[in-house]
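Visitor: My questions will all concern the structure given below.
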Amino acid sequence: MDEGRLREAFGMVADWVEEGVLPGAALVVARGGKVIAEGYWGIADARAGRLAGPDTLWSIASITKPVTAAAFMACVDSGLLSVDGAVADSLPELSSQDDPNHWRGDVTFRHLLTHTSGLAGFSRNNLELRKRHAPIDEFITSFLNEDVHFPPGRWHLYSSVGYGLVALAVGRALIATTSSSATRPLQAYESFTLELLSALGVEDATFRPNDAEQERCDWVESTGQEGLDWEIGNSRYYRSLGMPWGGLFTRARDVLAFIQAFLPSRRAATSRVLSEAAVGEMVRHQVAPPEAPVSIATTQRDITWDPTSKPRASVPWGLGWEVKGTDSGDYFGDLAHATTFGHFGASGTIAWADPEEDLAVVLLTNRAWVSKWPVQDRRAARLANAIMESLR
């Protein structure tokens, strides 16, 4: 380990905060199951004047998705669900909608977990639901009514809708087998998922922060929704939803604990919670279809989607985790191995791990991805490269 090079990598983040690129940030790097460097900079919540620190609860946004995938795989381990099972077998409402192309019955959970189902990023009435402060169950109901835009498996189309349906299936399966005392599927999903996280070593996480936890949450800047009572990451309403596709709040060390669970040094401990087969499938390169053309579900894409960017020729994905593959990545950089996996969140958060180096990296910030700070000057990629270079 080149400690000088690693200090330079941490200095990059410190400079971004000093220069005003980021209001606040946390960076934690671990190798071989041990934290080798950790830093916190700037302001977590400018409105409250609260500094970023080890106890900050960060809105990790879509890094919640691999958490939901892990909950699903735990149900697979228990025989409650199947990766290649038809979604309509668990959620019959999906097949009861108009289906002129007869694609709904072909959607499997593997498609949902790899973003290849043909379902859009968000539902048609997403903004209408948020503006009137609809409960989470109404979002899920709207997801069941969404169109399947192409034959499942044909293209990659990043879909929060799919992960909402995964969570619904998890909750229903738990209730049906009396594995949960909850009466609502999303309640069963949430309780089960938090217990799973705890078993994996996550000590401080919540889907719906209470008043005391709100005082520790970061405030996401540059959302494009400032001042709205349904603003992503910040509004009381948003924080009350507990979205299984993007609603988790947790500390940097806890994101690290979760992603480390999928690395070689933690596999033995993880196997007491998730089977080795489940862990292996989540990080394995499952699919790599082309990204869907810009004309597909244009008005229902994820908030981080850039319609001016050329669709990628290949988008490698595991079950819940994105996989780097042989190409460079916006946050994987150029030097990480092809087996590297990770995820980013719209709130400005990044987590990735290189299993061949037994390395895990967590960068949590509170400037939204739509500001493009991670991709401008290839900031996130350059940081990844600097960390990888420190290993040489």
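Residues are referred to by chain and number: the chain letter is A, B, ... according to the order shown in the structure tokens, the number counts from 1 in that chain, and ligands are numbered separately from 1 in the order shown.
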Taking the chain letters and numbering used in this document, name the residues of stretch 327-362 of chain A that DSSP puts in strand (DSSP E), as a list in words.

Guide: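 DSSP on the backbone gives strand (DSSP E) at Phe341, Gly342, His343, Phe344, Gly345, Thr349, Ile350, Ala351, Trp352, Ala353, Asp354, Leu359, Ala360, Val361 and Val362 of chain A.
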
Visitor: Could you turn the residues from that selection into a file that holds N, CA and C atoms, as a PDB file, in the first residue's frame?

Guide:
```
ATOM      1  N   PHE A 341     -17.793  -4.389  -8.420  1.00  0.00           N
ATOM      2  CA  PHE A 341     -19.235  -4.145  -8.386  1.00  0.00           C
ATOM      3  C   PHE A 341     -19.526  -2.939  -7.498  1.00  0.00           C
ATOM      4  N   GLY A 342     -20.700  -2.347  -7.675  1.00  0.00           N
ATOM      5  CA  GLY A 342     -21.035  -1.195  -6.856  1.00  0.00           C
ATOM      6  C   GLY A 342     -22.370  -0.597  -7.237  1.00  0.00           C
ATOM      7  N   HIS A 343     -22.612   0.606  -6.717  1.00  0.00           N
ATOM      8  CA  HIS A 343     -23.845   1.329  -7.033  1.00  0.00           C
ATOM      9  C   HIS A 343     -23.644   2.795  -6.668  1.00  0.00           C
ATOM     10  N   PHE A 344     -24.421   3.648  -7.319  1.00  0.00           N
ATOM     11  CA  PHE A 344     -24.414   5.048  -6.924  1.00  0.00           C
ATOM     12  C   PHE A 344     -25.841   5.473  -6.606  1.00  0.00           C
ATOM     13  N   GLY A 345     -25.958   6.628  -5.941  1.00  0.00           N
ATOM     14  CA  GLY A 345     -27.271   7.141  -5.585  1.00  0.00           C
ATOM     15  C   GLY A 345     -27.442   8.567  -6.065  1.00  0.00           C
ATOM     16  N   THR A 349     -24.103   9.787  -3.804  1.00  0.00           N
ATOM     17  CA  THR A 349     -23.429   8.744  -3.030  1.00  0.00           C
ATOM     18  C   THR A 349     -22.883   7.659  -3.953  1.00  0.00           C
ATOM     19  N   ILE A 350     -21.791   7.035  -3.522  1.00  0.00           N
ATOM     20  CA  ILE A 350     -21.112   6.009  -4.321  1.00  0.00           C
ATOM     21  C   ILE A 350     -20.559   4.939  -3.385  1.00  0.00           C
ATOM     22  N   ALA A 351     -20.709   3.677  -3.770  1.00  0.00           N
ATOM     23  CA  ALA A 351     -20.061   2.569  -3.063  1.00  0.00           C
ATOM     24  C   ALA A 351     -19.622   1.548  -4.108  1.00  0.00           C
ATOM     25  N   TRP A 352     -18.363   1.107  -4.019  1.00  0.00           N
ATOM     26  CA  TRP A 352     -17.891   0.062  -4.941  1.00  0.00           C
ATOM     27  C   TRP A 352     -16.862  -0.810  -4.249  1.00  0.00           C
ATOM     28  N   ALA A 353     -16.689  -1.995  -4.791  1.00  0.00           N
ATOM     29  CA  ALA A 353     -15.765  -2.960  -4.194  1.00  0.00           C
ATOM     30  C   ALA A 353     -15.117  -3.790  -5.287  1.00  0.00           C
ATOM     31  N   ASP A 354     -13.819  -4.026  -5.125  1.00  0.00           N
ATOM     32  CA  ASP A 354     -13.041  -4.844  -6.059  1.00  0.00           C
ATOM     33  C   ASP A 354     -12.705  -6.151  -5.345  1.00  0.00           C
ATOM     34  N   LEU A 359     -11.087  -5.033  -1.675  1.00  0.00           N
ATOM     35  CA  LEU A 359     -11.129  -3.596  -1.419  1.00  0.00           C
ATOM     36  C   LEU A 359     -12.551  -3.086  -1.465  1.00  0.00           C
ATOM     37  N   ALA A 360     -12.915  -2.224  -0.527  1.00  0.00           N
ATOM     38  CA  ALA A 360     -14.233  -1.576  -0.524  1.00  0.00           C
ATOM     39  C   ALA A 360     -14.046  -0.080  -0.339  1.00  0.00           C
ATOM     40  N   VAL A 361     -14.815   0.699  -1.095  1.00  0.00           N
ATOM     41  CA  VAL A 361     -14.732   2.159  -1.066  1.00  0.00           C
ATOM     42  C   VAL A 361     -16.136   2.734  -0.949  1.00  0.00           C
ATOM     43  N   VAL A 362     -16.331   3.641  -0.009  1.00  0.00           N
ATOM     44  CA  VAL A 362     -17.609   4.315   0.177  1.00  0.00           C
ATOM     45  C   VAL A 362     -17.359   5.813   0.180  1.00  0.00           C
TER      46      VAL A 362
END
```

Visitor: Check which residues of stretch 322-382 of chain A sit at most 10 Å from stretch 12-26 of chain A using only C-alpha atoms, and return one row each with the closest pair of atoms and their distance in Å to one decimal, ordered by chain and rising number, as CSV.

Guide:
```
residue,atom,partner,partner_atom,distance
A:Gly348,CA,A:Leu22,CA,9.3
A:Thr349,CA,A:Ala25,CA,9.2
A:Val362,CA,A:Ala26,CA,7.7
A:Leu363,CA,A:Ala26,CA,5.7
A:Leu364,CA,A:Ala26,CA,5.1
A:Thr365,CA,A:Ala25,CA,4.3
A:Asn366,CA,A:Gly24,CA,6.0
A:Arg367,CA,A:Leu22,CA,5.9
A:Ala368,CA,A:Leu22,CA,9.4
A:Ser371,CA,A:Val21,CA,9.7
A:Trp373,CA,A:Val21,CA,7.0
A:Pro374,CA,A:Val21,CA,9.6
A:Arg379,CA,A:Met12,CA,8.7
A:Ala380,CA,A:Val13,CA,9.5
A:Arg382,CA,A:Met12,CA,9.0
```

Visitor: Looking at only C-alpha atoms, which of A:Ala277, A:Leu57, A:Val35, A:Leu27 is the one that sits closest to A:Glu213?

Guide: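 Among A:Ala277, A:Leu57, A:Val35, A:Leu27, it is A:Leu57 that comes nearest to A:Glu213.
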
Visitor: Write out as a PyMOL selection string which residues come within 12 Å of A:Ala134 when counting only C-alpha atoms, dropping same-chain ones fewer than 5 positions away.

Guide: chain A and resi 125-129+139-142+230+237-238+240-241

Visitor: If DSSP is run on the backbone, what residues of stretch 227-368 of chain A are helix (DSSP H, G or I)? A reply as a VMD selection string would be ideal.

Guide: chain A and resid 236 to 241 252 to 260 264 to 270 276 to 283 298 to 300

Visitor: Excluding stretch 155-171 of chain A and any residue of its chain fewer than 2 positions from it, enumerate the residues within 8 Å of it, using only C-alpha atoms, and give them as number ranges by chain.

Guide: A: 65, 68-69, 71-72, 75, 81, 90-91, 109, 112-123, 140, 143-144, 150, 152-153, 173-175, 184-189, 243-245, 288-292, 301-302, 315

Visitor: Just N, CA and C atoms for this one: save the residues we selected as a compact mmCIF listing (two decimals), in the first residue's frame.

Guide:
```txt
# COMPACT_ATOMS: atom_id res chain seq x y z
N LYS A 65 -30.99 -0.06 -3.49
CA LYS A 65 -31.42 -1.14 -4.38
C LYS A 65 -30.69 -2.47 -4.11
N THR A 68 -32.24 -4.05 -1.14
CA THR A 68 -33.49 -4.74 -1.46
C THR A 68 -33.23 -6.06 -2.17
N ALA A 69 -32.23 -6.07 -3.05
CA ALA A 69 -31.87 -7.32 -3.73
C ALA A 69 -31.41 -8.37 -2.73
N ALA A 71 -32.39 -8.63 0.39
CA ALA A 71 -33.58 -9.12 1.08
C ALA A 71 -34.29 -10.17 0.21
N PHE A 72 -34.36 -9.90 -1.09
CA PHE A 72 -34.97 -10.87 -2.01
C PHE A 72 -34.18 -12.18 -2.00
N CYS A 75 -34.87 -14.38 0.79
CA CYS A 75 -36.11 -15.14 0.58
C CYS A 75 -35.91 -16.31 -0.38
N LEU A 81 -39.08 -17.47 -2.66
CA LEU A 81 -39.12 -16.85 -3.98
C LEU A 81 -38.04 -17.48 -4.85
N SER A 90 -46.18 -14.26 -8.38
CA SER A 90 -46.21 -13.68 -7.03
C SER A 90 -47.09 -12.45 -6.96
N LEU A 91 -47.18 -11.73 -8.06
CA LEU A 91 -47.96 -10.49 -8.12
C LEU A 91 -48.93 -10.59 -9.30
N PHE A 109 -38.07 -12.23 -11.92
CA PHE A 109 -37.38 -11.42 -10.92
C PHE A 109 -35.94 -11.13 -11.34
N LEU A 112 -36.15 -7.98 -13.19
CA LEU A 112 -36.31 -6.82 -12.31
C LEU A 112 -34.99 -6.45 -11.66
N LEU A 113 -34.26 -7.44 -11.17
CA LEU A 113 -33.03 -7.19 -10.42
C LEU A 113 -31.89 -6.70 -11.30
N THR A 114 -31.96 -6.99 -12.61
CA THR A 114 -30.91 -6.58 -13.54
C THR A 114 -31.34 -5.41 -14.42
N HIS A 115 -32.50 -4.83 -14.15
CA HIS A 115 -33.01 -3.67 -14.91
C HIS A 115 -33.20 -3.99 -16.39
N THR A 116 -33.69 -5.18 -16.66
CA THR A 116 -33.93 -5.59 -18.05
C THR A 116 -35.38 -6.01 -18.27
N SER A 117 -36.29 -5.61 -17.38
CA SER A 117 -37.68 -6.05 -17.44
C SER A 117 -38.50 -5.34 -18.51
N GLY A 118 -38.06 -4.15 -18.92
CA GLY A 118 -38.88 -3.33 -19.81
C GLY A 118 -39.74 -2.33 -19.08
N LEU A 119 -39.75 -2.39 -17.75
CA LEU A 119 -40.48 -1.40 -16.95
C LEU A 119 -39.66 -0.12 -16.88
N ALA A 120 -40.36 1.02 -16.81
CA ALA A 120 -39.69 2.32 -16.84
C ALA A 120 -39.04 2.64 -15.50
N GLY A 121 -38.33 3.78 -15.49
CA GLY A 121 -37.67 4.22 -14.28
C GLY A 121 -38.64 4.54 -13.17
N PHE A 122 -39.66 5.32 -13.51
CA PHE A 122 -40.70 5.69 -12.55
C PHE A 122 -42.06 5.58 -13.21
N SER A 123 -43.11 5.59 -12.41
CA SER A 123 -44.45 5.46 -12.95
C SER A 123 -44.88 6.74 -13.64
N ILE A 140 -46.63 1.77 -5.14
CA ILE A 140 -46.52 0.36 -5.52
C ILE A 140 -47.69 -0.06 -6.41
N PHE A 143 -47.11 1.06 -9.82
CA PHE A 143 -46.09 0.27 -10.51
C PHE A 143 -46.71 -0.96 -11.17
N LEU A 144 -47.70 -1.54 -10.52
CA LEU A 144 -48.35 -2.73 -11.08
C LEU A 144 -49.10 -2.42 -12.36
N PHE A 150 -40.65 -3.15 -23.72
CA PHE A 150 -39.97 -3.97 -24.71
C PHE A 150 -39.89 -5.40 -24.18
N PRO A 152 -38.81 -8.45 -22.32
CA PRO A 152 -37.87 -8.56 -21.20
C PRO A 152 -36.54 -9.18 -21.63
N GLY A 153 -35.45 -8.54 -21.20
CA GLY A 153 -34.12 -9.02 -21.53
C GLY A 153 -33.48 -8.33 -22.71
N ALA A 173 -44.55 -12.54 0.36
CA ALA A 173 -44.06 -13.89 0.65
C ALA A 173 -43.88 -14.10 2.14
N LEU A 174 -43.37 -13.08 2.83
CA LEU A 174 -43.16 -13.18 4.28
C LEU A 174 -44.49 -13.29 5.01
N ILE A 175 -45.47 -12.50 4.61
CA ILE A 175 -46.78 -12.54 5.27
C ILE A 175 -47.48 -13.87 5.00
N ARG A 184 -49.10 -5.25 6.25
CA ARG A 184 -48.83 -4.63 4.95
C ARG A 184 -47.52 -5.18 4.39
N PRO A 185 -47.50 -5.53 3.11
CA PRO A 185 -46.27 -6.09 2.53
C PRO A 185 -45.05 -5.19 2.68
N LEU A 186 -45.22 -3.88 2.47
CA LEU A 186 -44.06 -3.00 2.58
C LEU A 186 -43.57 -2.89 4.02
N GLN A 187 -44.47 -3.04 4.97
CA GLN A 187 -44.07 -3.07 6.39
C GLN A 187 -43.27 -4.33 6.67
N ALA A 188 -43.74 -5.46 6.14
CA ALA A 188 -43.01 -6.71 6.32
C ALA A 188 -41.64 -6.65 5.67
N TYR A 189 -41.59 -6.10 4.45
CA TYR A 189 -40.31 -5.93 3.75
C TYR A 189 -39.35 -5.09 4.58
N MET A 243 -38.85 4.24 0.85
CA MET A 243 -38.84 3.67 -0.49
C MET A 243 -37.80 2.55 -0.62
N PRO A 244 -38.22 1.38 -1.03
CA PRO A 244 -37.28 0.26 -1.16
C PRO A 244 -36.32 0.41 -2.33
N TRP A 245 -36.53 1.41 -3.17
CA TRP A 245 -35.64 1.64 -4.30
C TRP A 245 -34.70 2.82 -4.03
N ALA A 288 -25.46 -8.17 -19.88
CA ALA A 288 -24.81 -6.95 -20.38
C ALA A 288 -25.47 -6.51 -21.68
N PRO A 289 -26.78 -6.24 -21.65
CA PRO A 289 -27.47 -5.82 -22.87
C PRO A 289 -27.16 -4.37 -23.22
N PRO A 290 -27.49 -3.95 -24.41
CA PRO A 290 -27.36 -2.52 -24.75
C PRO A 290 -28.36 -1.70 -23.91
N GLU A 291 -28.01 -0.44 -23.71
CA GLU A 291 -28.94 0.46 -23.04
C GLU A 291 -30.10 0.78 -23.98
N ALA A 292 -31.29 0.90 -23.43
CA ALA A 292 -32.48 1.16 -24.24
C ALA A 292 -32.34 2.46 -25.03
N ARG A 301 -37.78 8.23 -17.20
CA ARG A 301 -36.44 7.77 -16.87
C ARG A 301 -36.03 8.25 -15.47
N ASP A 302 -34.98 7.61 -14.95
CA ASP A 302 -34.43 8.00 -13.66
C ASP A 302 -33.94 9.43 -13.71
N VAL A 315 -24.28 -2.84 -20.84
CA VAL A 315 -24.45 -2.42 -19.45
C VAL A 315 -24.41 -3.65 -18.55
```
